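Below is the file data28.txt, which contains compact mmCIF, C-alpha atoms and all ligand atoms.
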# COMPACT_ATOMS: atom_id res chain seq x y z
CA MET D 1 -59.72 66.86 163.19
CA SER D 2 -58.24 68.83 160.30
CA MET D 3 -54.92 70.61 160.52
CA LEU D 4 -56.56 74.02 160.17
CA LYS D 5 -58.85 73.49 163.12
CA ALA D 6 -56.10 71.93 165.12
CA ARG D 7 -54.12 75.16 164.76
CA GLY D 8 -57.08 77.25 165.84
CA PHE D 9 -57.70 78.68 162.32
CA LYS D 10 -61.21 79.91 161.66
CA ALA D 11 -62.27 80.76 158.15
CA PRO D 12 -64.05 84.14 157.93
CA GLY D 13 -67.71 83.87 156.98
CA PHE D 14 -69.44 86.09 154.39
CA ARG D 15 -70.59 88.48 157.06
CA ALA D 16 -67.10 88.91 158.41
CA LEU D 17 -66.00 89.94 154.88
CA GLY D 18 -68.79 92.46 154.64
CA PHE D 19 -70.91 90.63 152.02
CA LYS D 20 -74.60 90.45 152.37
CA VAL D 21 -76.33 88.89 149.39
CA SER D 22 -80.13 88.81 149.38
CA GLY D 23 -82.25 86.43 147.32
CA ALA D 24 -83.49 89.38 145.24
CA THR D 25 -79.94 90.44 144.37
CA LEU D 26 -79.12 86.89 143.23
CA ALA D 27 -82.22 86.79 141.00
CA ALA D 28 -81.27 90.14 139.46
CA LEU D 29 -77.73 88.90 138.77
CA ALA D 30 -79.05 85.76 137.08
CA LEU D 31 -81.39 87.81 134.89
CA SER D 32 -78.69 90.20 133.74
CA ALA D 33 -76.42 87.23 132.88
CA ALA D 34 -79.17 85.72 130.73
CA GLY D 35 -79.61 89.07 128.97
CA ALA D 36 -75.89 89.25 128.24
CA LEU D 37 -76.00 85.82 126.62
CA GLY D 38 -78.83 86.86 124.32
CA GLU D 39 -76.87 89.80 122.95
CA THR D 40 -73.96 88.95 120.69
CA PRO D 41 -71.24 91.34 119.53
CA ARG D 42 -72.39 90.64 115.93
CA LEU D 43 -68.95 89.55 114.82
CA GLY D 44 -68.16 86.88 112.24
CA GLN D 45 -70.75 84.91 110.31
CA PRO D 46 -72.78 81.75 110.84
CA VAL D 47 -70.93 78.48 110.25
CA THR D 48 -72.13 76.81 107.04
CA GLU D 49 -72.38 73.09 106.28
CA ARG D 50 -69.46 73.56 103.91
CA ASP D 51 -67.29 75.06 106.65
CA ILE D 52 -68.05 72.10 108.88
CA ALA D 53 -67.44 69.55 106.12
CA ALA D 54 -63.90 70.90 105.67
CA TRP D 55 -63.12 70.12 109.32
CA ASP D 56 -65.23 67.03 109.76
CA ILE D 57 -62.73 64.58 108.33
CA SER D 58 -62.64 61.75 110.86
CA VAL D 59 -62.67 58.27 109.37
CA MET D 60 -64.09 55.46 111.48
CA PRO D 61 -62.78 51.87 111.56
CA ASP D 62 -65.85 50.72 109.60
CA GLY D 63 -65.00 53.18 106.82
CA THR D 64 -67.56 55.84 107.72
CA GLY D 65 -66.20 59.16 106.51
CA LEU D 66 -64.00 57.80 103.71
CA PRO D 67 -64.25 60.03 100.63
CA PRO D 68 -64.49 58.93 96.98
CA GLY D 69 -61.18 58.13 95.34
CA SER D 70 -58.73 55.27 95.03
CA GLY D 71 -55.05 54.39 94.70
CA THR D 72 -52.62 51.51 94.28
CA PRO D 73 -49.24 50.81 95.90
CA ALA D 74 -47.46 51.70 92.65
CA GLN D 75 -49.16 55.10 92.50
CA GLY D 76 -48.43 55.56 96.21
CA ALA D 77 -44.74 54.82 95.69
CA ARG D 78 -44.56 57.89 93.44
CA VAL D 79 -46.37 60.10 95.95
CA TYR D 80 -44.13 58.77 98.71
CA ALA D 81 -40.90 59.43 96.82
CA GLU D 82 -41.97 63.00 96.10
CA LYS D 83 -43.70 64.04 99.33
CA CYS D 84 -42.73 61.70 102.16
CA SER D 85 -39.29 60.13 101.75
CA GLY D 86 -37.48 63.38 102.60
CA CYS D 87 -38.52 62.83 106.23
CA HIS D 88 -39.43 59.15 106.39
CA GLY D 89 -36.53 57.81 104.30
CA ASP D 90 -36.66 55.13 101.64
CA ASN D 91 -39.30 52.44 102.08
CA GLY D 92 -40.58 53.86 105.36
CA ARG D 93 -37.87 52.08 107.27
CA ASN D 94 -35.20 54.68 107.78
CA PRO D 95 -36.71 57.90 109.09
CA VAL D 96 -34.69 61.05 108.72
CA ALA D 97 -36.80 63.71 110.46
CA PRO D 98 -36.63 64.05 114.24
CA GLY D 99 -39.75 62.53 115.76
CA ALA D 100 -40.60 60.31 112.80
CA GLY D 101 -40.25 56.60 113.50
CA PRO D 102 -40.13 53.65 111.12
CA MET D 103 -43.49 52.84 109.54
CA VAL D 104 -42.69 49.32 108.42
CA SER D 105 -41.74 46.29 110.47
CA GLY D 106 -42.08 42.57 110.60
CA PRO D 107 -44.54 40.73 112.79
CA ILE D 108 -45.55 41.98 116.19
CA ALA D 109 -42.62 41.57 118.54
CA GLY D 110 -44.22 41.97 121.95
CA ILE D 111 -44.83 45.12 123.91
CA ASP D 112 -41.22 46.30 123.59
CA GLY D 113 -41.01 45.74 119.83
CA PRO D 114 -41.17 48.61 117.32
CA LYS D 115 -44.61 50.14 117.03
CA THR D 116 -45.31 50.69 113.37
CA ILE D 117 -48.28 50.69 111.04
CA GLY D 118 -47.73 46.97 110.50
CA SER D 119 -47.20 45.92 114.08
CA PHE D 120 -49.35 48.30 116.02
CA TYR D 121 -52.26 49.94 114.20
CA GLY D 122 -55.52 48.22 115.06
CA TYR D 123 -57.41 49.51 112.02
CA SER D 124 -56.31 50.17 108.45
CA THR D 125 -58.47 53.30 108.29
CA ILE D 126 -56.16 54.98 110.81
CA VAL D 127 -53.47 55.23 108.12
CA PHE D 128 -55.81 57.11 105.80
CA ASP D 129 -57.20 59.33 108.55
CA PHE D 130 -53.81 60.25 109.97
CA VAL D 131 -52.07 60.89 106.65
CA ARG D 132 -54.96 63.00 105.36
CA ARG D 133 -55.13 65.18 108.46
CA ALA D 134 -51.48 65.42 109.45
CA MET D 135 -49.09 64.65 106.58
CA PRO D 136 -46.87 65.85 105.01
CA PHE D 137 -45.88 67.17 108.43
CA ASN D 138 -44.86 70.55 106.99
CA MET D 139 -47.88 70.85 104.65
CA PRO D 140 -50.87 68.98 106.10
CA ARG D 141 -54.13 68.83 104.11
CA THR D 142 -52.39 69.37 100.77
CA LEU D 143 -52.79 65.81 99.40
CA THR D 144 -55.71 64.90 97.16
CA ASN D 145 -57.91 62.01 98.31
CA ASP D 146 -56.46 59.85 95.52
CA GLU D 147 -52.95 60.59 96.78
CA VAL D 148 -53.93 59.67 100.34
CA TYR D 149 -55.49 56.40 99.13
CA ALA D 150 -52.40 55.64 97.04
CA VAL D 151 -49.87 56.32 99.76
CA THR D 152 -52.02 54.36 102.23
CA ALA D 153 -51.94 51.44 99.79
CA TYR D 154 -48.17 51.81 99.46
CA LEU D 155 -47.62 51.77 103.24
CA LEU D 156 -49.92 48.76 103.69
CA ALA D 157 -48.14 46.91 100.87
CA LEU D 158 -44.70 47.70 102.35
CA ASN D 159 -45.94 46.05 105.53
CA LYS D 160 -47.14 43.09 103.43
CA ILE D 161 -50.72 43.57 104.62
CA ILE D 162 -52.10 43.99 101.08
CA GLY D 163 -50.77 42.81 97.72
CA GLU D 164 -48.79 44.93 95.25
CA GLU D 165 -51.73 45.14 92.86
CA ASP D 166 -54.51 45.81 95.37
CA ALA D 167 -56.45 49.05 94.86
CA ILE D 168 -57.45 50.86 98.01
CA ASN D 169 -60.70 52.81 98.15
CA ALA D 170 -63.67 53.40 100.45
CA GLU D 171 -64.90 49.85 99.85
CA THR D 172 -61.67 47.92 100.18
CA LEU D 173 -59.81 49.81 102.92
CA PRO D 174 -62.13 48.94 105.85
CA ARG D 175 -61.95 45.27 104.81
CA VAL D 176 -58.18 45.18 105.37
CA LYS D 177 -57.61 43.47 108.70
CA MET D 178 -54.54 44.67 110.56
CA PRO D 179 -52.29 41.94 112.02
CA ASN D 180 -52.51 43.23 115.58
CA ARG D 181 -56.22 43.93 115.52
CA ASP D 182 -57.25 41.26 118.04
CA ASN D 183 -54.35 41.72 120.42
CA PHE D 184 -55.45 44.88 122.14
CA ILE D 185 -56.70 44.21 125.65
CA ILE D 186 -59.31 46.51 127.06
CA ARG D 187 -58.18 47.05 130.60
CA PHE D 188 -61.46 48.27 132.02
CA PRO D 189 -64.13 46.75 129.76
CA ASP D 190 -66.89 47.72 132.19
CA ARG D 191 -66.08 51.40 131.70
CA ILE D 192 -67.01 51.53 128.02
C1 LIG I 201 -41.37 67.38 107.11
C2 LIG I 201 -41.21 66.01 107.52
C3 LIG I 201 -42.30 65.01 107.15
C4 LIG I 201 -42.86 64.79 105.90
C5 LIG I 201 -42.55 65.50 104.58
C6 LIG I 201 -43.80 63.70 106.09
N1 LIG I 201 -43.79 63.29 107.39
FE1 LIG I 201 -44.94 61.79 108.18
N2 LIG I 201 -44.19 62.19 110.02
C7 LIG I 201 -43.26 63.17 110.31
C8 LIG I 201 -43.10 63.24 111.75
C9 LIG I 201 -42.19 64.22 112.49
C10 LIG I 201 -43.95 62.26 112.31
C11 LIG I 201 -44.21 61.96 113.77
C12 LIG I 201 -45.36 62.85 114.14
C13 LIG I 201 -45.92 62.63 115.50
O1 LIG I 201 -45.53 61.68 116.18
O2 LIG I 201 -46.81 63.44 115.88
C14 LIG I 201 -44.62 61.61 111.19
C15 LIG I 201 -45.52 60.57 111.32
C16 LIG I 201 -46.13 59.91 110.28
C17 LIG I 201 -46.98 58.76 110.40
C18 LIG I 201 -47.32 58.05 111.70
C19 LIG I 201 -46.25 57.01 111.89
C20 LIG I 201 -46.42 56.14 113.11
O3 LIG I 201 -45.38 55.80 113.69
O4 LIG I 201 -47.53 55.79 113.50
C21 LIG I 201 -47.40 58.42 109.14
C22 LIG I 201 -48.30 57.25 108.76
C23 LIG I 201 -46.80 59.37 108.24
N3 LIG I 201 -46.03 60.26 108.95
C24 LIG I 201 -46.96 59.34 106.87
C25 LIG I 201 -46.44 60.30 106.01
C26 LIG I 201 -46.73 60.34 104.60
C27 LIG I 201 -47.59 59.32 103.86
C28 LIG I 201 -46.07 61.42 104.09
C29 LIG I 201 -46.09 61.94 102.68
C30 LIG I 201 -47.36 62.19 102.08
C31 LIG I 201 -45.36 62.05 105.20
N4 LIG I 201 -45.62 61.34 106.35
C32 LIG I 201 -44.55 63.18 105.06
C33 LIG I 201 -42.61 63.97 109.41
C34 LIG I 201 -42.91 64.07 108.07
Write-out of the structure in structure tokens:
Amino acid sequence: MSMLKARGFKAPGFRALGFKVSGATLAALALSAAGALGETPRLGQPVTERDIAAWDISVMPDGTGLPPGSGTPAQGARVYAEKCSGCHGDNGRNPVAPGAGPMVSGPIAGIDGPKTIGSFYGYSTIVFDFVRRAMPFNMPRTLTNDEVYAVTAYLLALNKIIGEEDAINAETLPRVKMPNRDNFIIRFPDRI
């Protein structure tokens, strides 16, 4: 027995509240709602393919969504010095800005170790995707695709995941295997 009943509480029915809704009234309500949906306030303009393309910037682990362009660690070092080091510090190891953590570390050091690009990211494409959409923190979406490729190459090279001379582009980036890639455990595999 629920607490409410146990205390002698009785919920008032529709009738007790004075409502009386007939089937015809319900049908009329449904019709007027459908009419309201058909009429628009005629504000704004239709979304174009170009509008959508500007927002549709997700990059998948297999490289789907990567734009044309390319960059090397050396080119990325210049971008980094100019546009990133003010907050992330030299070499991605000594962050200055509140909230920014180190982006470079040695091998994976267990669950309590530092979580950086090198030790934690499962896919190399995440670096490109995240930097392009969110960095520089104070001016997101201002980097060219070449700059994003270059700084991605720089960060991967700092973590010793690619070589100093390796060029990163839509072909090569998805082929970079991150050190921790196979260590993620799917807790509920039957739910995906
Ligand atoms: C104005 C300060 C600022 C600038 C400039 C900046 N960042 Fe960041 N960055 C941050 C902060 C703060 C975070 C943490 C954001 C969060 O956790 O949501 C961050 C996070 C990141 C991360 C994720 C790190 C991780 O631990 O997974 C990457 C990668 C990154 N920044 C790259 C860059 C690059 C590349 C540039 C230059 C093109 C840049 N940032 C410029 C402040 C900045």
For Ala109 of chain D, list every protein, DNA or RNA residue within 8 Å, evaluated using all atoms listed in the file, and leave out those in the same chain fewer than 4 positions away; present the list as a list of chain:residue names.
D:Gly113, D:Pro114, D:Ser119
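A straight line drawn from atom C20 of ligand LIG 201 (chain I) to atom CA of Thr116 of chain D is 5.6 Å long.
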Let me make sure I understand: among D:Pro46, D:Gly69, D:Gly63, D:Pro140, which one has the smallest atom-to-atom distance to ligand LIG 201 (chain I) if we use all atoms listed in the file?
D:Pro140
Residues at most 7 Å from ligand LIG 201 (chain I), using only C-alpha atoms and all ligand atoms? Could they come as a VMD selection string?
chain D and resid 79 to 80 83 to 88 97 to 103 115 to 117 127 130 to 131 135 to 138 151 to 152
Using atom CA of Arg133 of chain D and atom CA of Arg93 of chain D as the two end points, give the distance in Å to one decimal.
21.7 Å
As AutoDock Vina command-line options: centre and edge lengths in Å, one decimal, of the axis-aligned box holding segment 166-181 of chain D with 8 Å per side:
--center_x -58.6 --center_y 47.7 --center_z 105.2 --size_x 28.6 --size_y 27.5 --size_z 36.7
Which of D:Pro107, D:Gly163, D:Pro179, D:Pro189 sits closest to Pro73 of chain D [using all atoms listed in the file]
D:Gly163
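What separates atom CA of Ala81 of chain D from atom CA of Ala150 of chain D is a distance of 12.1 Å.
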At a cut-off of 12 Å from (-63.0, 61.9, 110.8) in the coordinates of the file, what residues are picked up using only C-alpha atoms, written as a PyMOL selection string?
chain D and resi 52-67+125-133
Name the closest residue to Ile162 of chain D among the candidates D:Asn180, D:Asp190, D:Thr72, D:Arg50; distances are taken between atoms, counting only C-alpha atoms.
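Of the candidates, the smallest distance to Ile162 of chain D is held by D:Thr72.
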Pull the neighbourhood of (-62.2, 55.3, 97.9) for me: all residues within 9 Å in file coordinates, counting only C-alpha atoms, as a PyMOL selection string.
chain D and resi 66-71+145-146+149+168-173
